[in-house]
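Remarks on the structure that follows.
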Amino acid sequence: MTRPPNRSEALYARIYALVKQIPPGRVATYGQIARLVGRCSARQVGYAMAAMPSGSGVPWQRVLNSRGEVSRRSQGQGDRTQRRLLEMEGVRFDDRGRVNLREAGWPGPDADEPDPFGDL
DNA sequence: AGATTGACTGCAT
DNA sequence: CATGCAGCCAATC
């Protein structure tokens with residue numbers, strides 16, 4: 001049979017699958033996704049996002065950096081679009097353009113629902 | 001095969 | 001809390 005799929009492709013598929021599990025109004029970090037996927041660094045997650053075709057159904061806008069901020073893109077105004085999409089979902093940014101990960105952070109794939117007592 | 005870049009992160013200053 | 005530097009893995013030249 002043909003040779004097995006490249007590790008990179010499987011890795012990308014994993015990343016996309018996890019990002020798809022992030023519920024609206026929540027955000028995750030590159031490092032968080034990387035750890036959930038395993039054997040993957042945050043850079044690969046960012047790279048996967050950049051290599052992802054538009055319209056793939058992946059809520060890429062819900063992935064932020066470890067500081068809870070929208071990462072600056074090398075090209076285009078994608079970062080602006082990302083922030084707008086998140087605000088539209090109810091994610092609030094402070095004056096410095098940062099999101100409170102303690103509040104809007106995605107708990108994980110096993111807790112896709114926010115806790116009812118999530119008030120600190 | 002070596003060097004450079006990239007939607008990153010953690011630690012030191 | 002802002003800035004700087006090293007580590008990180010894959011893609012591109």
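Numbering starts fresh at 1 for the residues of each chain in the structure tokens, the chains themselves are lettered A, B, ... in the order given, and ligands are numbered from 1 as they appear.
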
What are the closest atom pairs, with distances in Å to one decimal, for each residue of chain C lying within 9 Å of chain B, using only C-alpha atoms (C1' of nucleotides), rows by chain and rising residue number, as CSV?
```
residue,atom,partner,partner_atom,distance
C:DT3,C1',B:DT13,C1',8.5
C:DG4,C1',B:DT13,C1',8.0
C:DC5,C1',B:DA12,C1',8.5
C:DG7,C1',B:DT9,C1',8.9
C:DC8,C1',B:DC8,C1',8.7
C:DA11,C1',B:DT5,C1',9.0
C:DT12,C1',B:DT5,C1',8.3
C:DC13,C1',B:DT4,C1',8.1
```

Write the residues of the selection above to a file with N, CA and C atoms (P, O5', C5', C4', C3', O3' and C1' of nucleotides), as a PDB file, in the first residue's frame.
```pdb
ATOM      1  P    DT C   3       7.794  46.846  25.874  1.00  0.00           P
ATOM      2  O5'  DT C   3       9.215  46.135  26.059  1.00  0.00           O
ATOM      3  C5'  DT C   3      10.242  46.810  26.774  1.00  0.00           C
ATOM      4  C4'  DT C   3      11.493  45.949  26.831  1.00  0.00           C
ATOM      5  C3'  DT C   3      11.851  45.242  25.510  1.00  0.00           C
ATOM      6  O3'  DT C   3      13.206  45.506  25.183  1.00  0.00           O
ATOM      7  C1'  DT C   3      11.856  43.705  27.310  1.00  0.00           C
ATOM      8  P    DG C   4      13.886  44.860  23.869  1.00  0.00           P
ATOM      9  O5'  DG C   4      14.649  43.587  24.474  1.00  0.00           O
ATOM     10  C5'  DG C   4      15.445  43.750  25.639  1.00  0.00           C
ATOM     11  C4'  DG C   4      16.304  42.515  25.893  1.00  0.00           C
ATOM     12  C3'  DG C   4      16.760  41.782  24.626  1.00  0.00           C
ATOM     13  O3'  DG C   4      18.095  41.313  24.795  1.00  0.00           O
ATOM     14  C1'  DG C   4      15.433  40.337  25.959  1.00  0.00           C
ATOM     15  P    DC C   5      18.853  40.600  23.552  1.00  0.00           P
ATOM     16  O5'  DC C   5      18.756  39.065  23.972  1.00  0.00           O
ATOM     17  C5'  DC C   5      19.253  38.665  25.264  1.00  0.00           C
ATOM     18  C4'  DC C   5      19.064  37.172  25.482  1.00  0.00           C
ATOM     19  C3'  DC C   5      19.365  36.302  24.257  1.00  0.00           C
ATOM     20  O3'  DC C   5      20.163  35.183  24.635  1.00  0.00           O
ATOM     21  C1'  DC C   5      17.205  35.817  25.061  1.00  0.00           C
ATOM     22  P    DG C   7      19.583  27.528  24.169  1.00  0.00           P
ATOM     23  O5'  DG C   7      18.083  26.959  24.051  1.00  0.00           O
ATOM     24  C5'  DG C   7      17.362  26.688  25.252  1.00  0.00           C
ATOM     25  C4'  DG C   7      16.000  26.060  24.928  1.00  0.00           C
ATOM     26  C3'  DG C   7      16.074  24.953  23.865  1.00  0.00           C
ATOM     27  O3'  DG C   7      15.251  23.867  24.272  1.00  0.00           O
ATOM     28  C1'  DG C   7      14.566  26.623  23.178  1.00  0.00           C
ATOM     29  P    DC C   8      15.304  22.493  23.461  1.00  0.00           P
ATOM     30  O5'  DC C   8      14.024  22.643  22.498  1.00  0.00           O
ATOM     31  C5'  DC C   8      12.737  22.772  23.060  1.00  0.00           C
ATOM     32  C4'  DC C   8      11.705  23.130  22.008  1.00  0.00           C
ATOM     33  C3'  DC C   8      11.875  22.353  20.712  1.00  0.00           C
ATOM     34  O3'  DC C   8      11.135  21.135  20.766  1.00  0.00           O
ATOM     35  C1'  DC C   8      11.410  24.678  20.297  1.00  0.00           C
ATOM     36  P    DA C  11       6.464  20.190   7.917  1.00  0.00           P
ATOM     37  O5'  DA C  11       6.715  21.577   7.159  1.00  0.00           O
ATOM     38  C5'  DA C  11       5.857  22.675   7.433  1.00  0.00           C
ATOM     39  C4'  DA C  11       6.343  23.945   6.735  1.00  0.00           C
ATOM     40  C3'  DA C  11       6.701  23.734   5.256  1.00  0.00           C
ATOM     41  O3'  DA C  11       6.244  24.839   4.508  1.00  0.00           O
ATOM     42  C1'  DA C  11       8.589  24.585   6.417  1.00  0.00           C
ATOM     43  P    DT C  12       6.316  24.766   2.928  1.00  0.00           P
ATOM     44  O5'  DT C  12       7.507  25.786   2.629  1.00  0.00           O
ATOM     45  C5'  DT C  12       7.567  27.041   3.301  1.00  0.00           C
ATOM     46  C4'  DT C  12       8.829  27.795   2.920  1.00  0.00           C
ATOM     47  C3'  DT C  12       9.269  27.579   1.462  1.00  0.00           C
ATOM     48  O3'  DT C  12       9.515  28.844   0.842  1.00  0.00           O
ATOM     49  C1'  DT C  12      11.068  27.190   2.956  1.00  0.00           C
ATOM     50  P    DC C  13      10.078  28.920  -0.629  1.00  0.00           P
ATOM     51  O5'  DC C  13      11.624  29.208  -0.390  1.00  0.00           O
ATOM     52  C5'  DC C  13      12.015  30.267   0.498  1.00  0.00           C
ATOM     53  C4'  DC C  13      13.498  30.538   0.353  1.00  0.00           C
ATOM     54  C3'  DC C  13      14.036  30.355  -1.061  1.00  0.00           C
ATOM     55  O3'  DC C  13      14.990  31.371  -1.367  1.00  0.00           O
ATOM     56  C1'  DC C  13      15.190  28.920   0.413  1.00  0.00           C
TER      57       DC C  13
END
```

So which bits of chain A end up helix (DSSP H, G or I) when you DSSP the backbone, as a PyMOL selection string?
chain A and resi 7-20+30-37+42-51+60-62+78-89+101-104

Saved selection, atoms kept: N, CA and C atoms, as a compact mmCIF listing (two decimals), in the first residue's frame:
```
# COMPACT_ATOMS: atom_id res chain seq x y z
N ARG A 7 3.67 12.49 9.30
CA ARG A 7 3.32 12.84 10.68
C ARG A 7 2.73 14.24 10.74
N SER A 8 3.23 15.11 9.89
CA SER A 8 2.76 16.49 9.92
C SER A 8 1.27 16.57 9.63
N GLU A 9 0.83 15.81 8.64
CA GLU A 9 -0.59 15.87 8.30
C GLU A 9 -1.46 15.37 9.43
N ALA A 10 -1.05 14.28 10.04
CA ALA A 10 -1.81 13.74 11.17
C ALA A 10 -1.81 14.77 12.31
N LEU A 11 -0.68 15.42 12.47
CA LEU A 11 -0.55 16.42 13.51
C LEU A 11 -1.52 17.57 13.26
N TYR A 12 -1.56 18.02 12.04
CA TYR A 12 -2.46 19.12 11.69
C TYR A 12 -3.91 18.70 11.95
N ALA A 13 -4.24 17.49 11.57
CA ALA A 13 -5.61 17.00 11.76
C ALA A 13 -5.98 17.01 13.24
N ARG A 14 -5.02 16.60 14.07
CA ARG A 14 -5.26 16.60 15.52
C ARG A 14 -5.51 18.01 16.02
N ILE A 15 -4.67 18.91 15.58
CA ILE A 15 -4.79 20.30 16.00
C ILE A 15 -6.15 20.87 15.61
N TYR A 16 -6.52 20.65 14.36
CA TYR A 16 -7.81 21.18 13.89
C TYR A 16 -8.96 20.58 14.69
N ALA A 17 -8.87 19.29 14.95
CA ALA A 17 -9.94 18.61 15.68
C ALA A 17 -10.11 19.22 17.07
N LEU A 18 -9.00 19.54 17.71
CA LEU A 18 -9.07 20.12 19.05
C LEU A 18 -9.62 21.53 19.01
N VAL A 19 -9.14 22.30 18.05
CA VAL A 19 -9.61 23.68 17.94
C VAL A 19 -11.11 23.72 17.69
N LYS A 20 -11.58 22.76 16.92
CA LYS A 20 -13.03 22.69 16.64
C LYS A 20 -13.83 22.46 17.91
N TYR A 30 -1.98 28.51 22.19
CA TYR A 30 -1.23 27.63 21.29
C TYR A 30 -0.57 26.51 22.11
N GLY A 31 0.00 26.89 23.23
CA GLY A 31 0.67 25.90 24.07
C GLY A 31 -0.30 24.88 24.63
N GLN A 32 -1.49 25.33 24.96
CA GLN A 32 -2.49 24.41 25.49
C GLN A 32 -2.86 23.38 24.43
N ILE A 33 -3.13 23.80 23.24
CA ILE A 33 -3.46 22.89 22.14
C ILE A 33 -2.30 21.93 21.91
N ALA A 34 -1.11 22.49 21.93
CA ALA A 34 0.09 21.66 21.68
C ALA A 34 0.20 20.55 22.71
N ARG A 35 -0.06 20.88 23.98
CA ARG A 35 0.03 19.88 25.03
C ARG A 35 -1.06 18.84 24.90
N LEU A 36 -2.24 19.27 24.53
CA LEU A 36 -3.34 18.32 24.37
C LEU A 36 -3.06 17.36 23.21
N VAL A 37 -2.47 17.90 22.17
CA VAL A 37 -2.14 17.06 21.02
C VAL A 37 -0.98 16.12 21.39
N ALA A 42 4.16 24.72 20.52
CA ALA A 42 3.19 25.77 20.23
C ALA A 42 3.41 26.33 18.82
N ARG A 43 4.64 26.33 18.39
CA ARG A 43 4.95 26.86 17.06
C ARG A 43 4.23 26.07 15.99
N GLN A 44 4.17 24.79 16.15
CA GLN A 44 3.51 23.96 15.14
C GLN A 44 2.03 24.27 15.08
N VAL A 45 1.47 24.59 16.23
CA VAL A 45 0.05 24.94 16.24
C VAL A 45 -0.16 26.21 15.44
N GLY A 46 0.67 27.19 15.70
CA GLY A 46 0.58 28.45 14.96
C GLY A 46 0.80 28.21 13.48
N TYR A 47 1.73 27.35 13.17
CA TYR A 47 2.04 27.06 11.78
C TYR A 47 0.86 26.36 11.13
N ALA A 48 0.23 25.48 11.86
CA ALA A 48 -0.93 24.76 11.34
C ALA A 48 -2.07 25.73 11.05
N MET A 49 -2.22 26.73 11.91
CA MET A 49 -3.27 27.72 11.72
C MET A 49 -3.00 28.50 10.44
N ALA A 50 -1.75 28.87 10.27
CA ALA A 50 -1.39 29.66 9.09
C ALA A 50 -1.56 28.84 7.81
N ALA A 51 -1.31 27.56 7.91
CA ALA A 51 -1.39 26.70 6.73
C ALA A 51 -2.80 26.23 6.47
N TRP A 60 -10.42 29.07 14.22
CA TRP A 60 -9.04 29.47 14.50
C TRP A 60 -8.95 30.73 15.34
N GLN A 61 -9.98 31.56 15.29
CA GLN A 61 -9.93 32.83 16.04
C GLN A 61 -9.91 32.62 17.54
N ARG A 62 -10.29 31.41 17.99
CA ARG A 62 -10.33 31.15 19.43
C ARG A 62 -8.98 30.71 19.97
N GLY A 78 -5.36 39.77 9.41
CA GLY A 78 -6.04 38.64 10.04
C GLY A 78 -6.21 38.85 11.53
N ASP A 79 -5.24 39.49 12.16
CA ASP A 79 -5.33 39.70 13.60
C ASP A 79 -6.52 40.59 13.94
N ARG A 80 -6.76 41.58 13.10
CA ARG A 80 -7.89 42.49 13.34
C ARG A 80 -9.20 41.71 13.23
N THR A 81 -9.28 40.88 12.19
CA THR A 81 -10.47 40.05 11.98
C THR A 81 -10.68 39.12 13.16
N GLN A 82 -9.60 38.55 13.66
CA GLN A 82 -9.69 37.62 14.77
C GLN A 82 -10.30 38.29 15.98
N ARG A 83 -9.79 39.46 16.31
CA ARG A 83 -10.31 40.17 17.47
C ARG A 83 -11.79 40.51 17.30
N ARG A 84 -12.14 40.91 16.09
CA ARG A 84 -13.54 41.27 15.85
C ARG A 84 -14.43 40.05 16.03
N LEU A 85 -14.01 38.93 15.50
CA LEU A 85 -14.80 37.70 15.62
C LEU A 85 -14.99 37.31 17.08
N LEU A 86 -13.93 37.43 17.85
CA LEU A 86 -14.03 37.05 19.26
C LEU A 86 -14.94 37.98 20.02
N GLU A 87 -14.83 39.25 19.74
CA GLU A 87 -15.70 40.21 20.43
C GLU A 87 -17.16 39.93 20.09
N MET A 88 -17.35 39.49 18.85
CA MET A 88 -18.70 39.16 18.40
C MET A 88 -19.24 37.95 19.17
N GLU A 89 -18.32 37.09 19.62
CA GLU A 89 -18.74 35.90 20.37
C GLU A 89 -18.95 36.20 21.85
N LEU A 101 -7.60 35.04 30.54
CA LEU A 101 -7.67 33.60 30.33
C LEU A 101 -8.29 32.88 31.51
N ARG A 102 -8.22 33.48 32.69
CA ARG A 102 -8.82 32.85 33.88
C ARG A 102 -10.33 32.79 33.72
N GLU A 103 -10.83 33.72 32.93
CA GLU A 103 -12.28 33.80 32.79
C GLU A 103 -12.77 33.18 31.49
N ALA A 104 -12.10 33.51 30.40
CA ALA A 104 -12.55 33.03 29.08
C ALA A 104 -11.74 31.86 28.58
```

Please provide as an mmCIF file with N, CA, C and O atoms, in the first residue's frame all residues within 7 Å of Pro109 in chain A, with the sequence filter that same-chain residues fewer than 2 positions apart are discarded (counting only C-alpha atoms (C1' of nucleotides)).
```
data_model
loop_
_atom_site.group_PDB
_atom_site.id
_atom_site.type_symbol
_atom_site.label_atom_id
_atom_site.label_comp_id
_atom_site.auth_asym_id
_atom_site.auth_seq_id
_atom_site.Cartn_x
_atom_site.Cartn_y
_atom_site.Cartn_z
ATOM 1 N N GLN A 21 -13.189 21.880 18.923
ATOM 2 C CA GLN A 21 -13.905 21.576 20.163
ATOM 3 C C GLN A 21 -14.008 22.770 21.094
ATOM 4 O O GLN A 21 -14.688 22.712 22.113
ATOM 5 N N ALA A 111 -14.167 19.291 29.425
ATOM 6 C CA ALA A 111 -14.971 20.230 30.195
ATOM 7 C C ALA A 111 -15.419 21.357 29.288
ATOM 8 O O ALA A 111 -15.200 22.519 29.553
ATOM 9 N N ASP A 112 -16.057 20.966 28.188
ATOM 10 C CA ASP A 112 -16.450 21.971 27.212
ATOM 11 C C ASP A 112 -17.553 22.885 27.728
ATOM 12 O O ASP A 112 -18.011 23.752 27.053
#
```

Top pick for closest residue to chain B, considering A:Ser41, A:Arg96, A:Val58, A:Gly105 and counting only C-alpha atoms (C1' of nucleotides)
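The shortest atom-to-atom distance to chain B comes from A:Ser41.
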
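Within range 3-82 of chain A, residues classed as strand (DSSP E) by DSSP on backbone coordinates are Ala28, Thr29, Val63 and Leu64 of chain A.
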
Could you take the residues named above and write them with N, CA and C atoms, as a tab-separated table (two decimals), in the first residue's frame?
```
chain	number	residue	atom	x	y	z
A	28	ALA	N	-8.43	29.36	23.71
A	28	ALA	CA	-7.35	28.47	24.15
A	28	ALA	C	-6.02	29.06	23.68
A	29	THR	N	-4.94	28.56	24.23
A	29	THR	CA	-3.63	29.07	23.82
A	29	THR	C	-2.94	28.05	22.93
A	63	VAL	N	-7.97	30.74	19.15
A	63	VAL	CA	-6.63	30.38	19.61
A	63	VAL	C	-5.78	31.63	19.78
A	64	LEU	N	-5.36	31.86	21.02
A	64	LEU	CA	-4.55	33.04	21.33
A	64	LEU	C	-3.21	32.60	21.88
```

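Taking CA of Arg92 in chain A as the reference point, CA of Cys40 in chain A is found at 28.9 Å.
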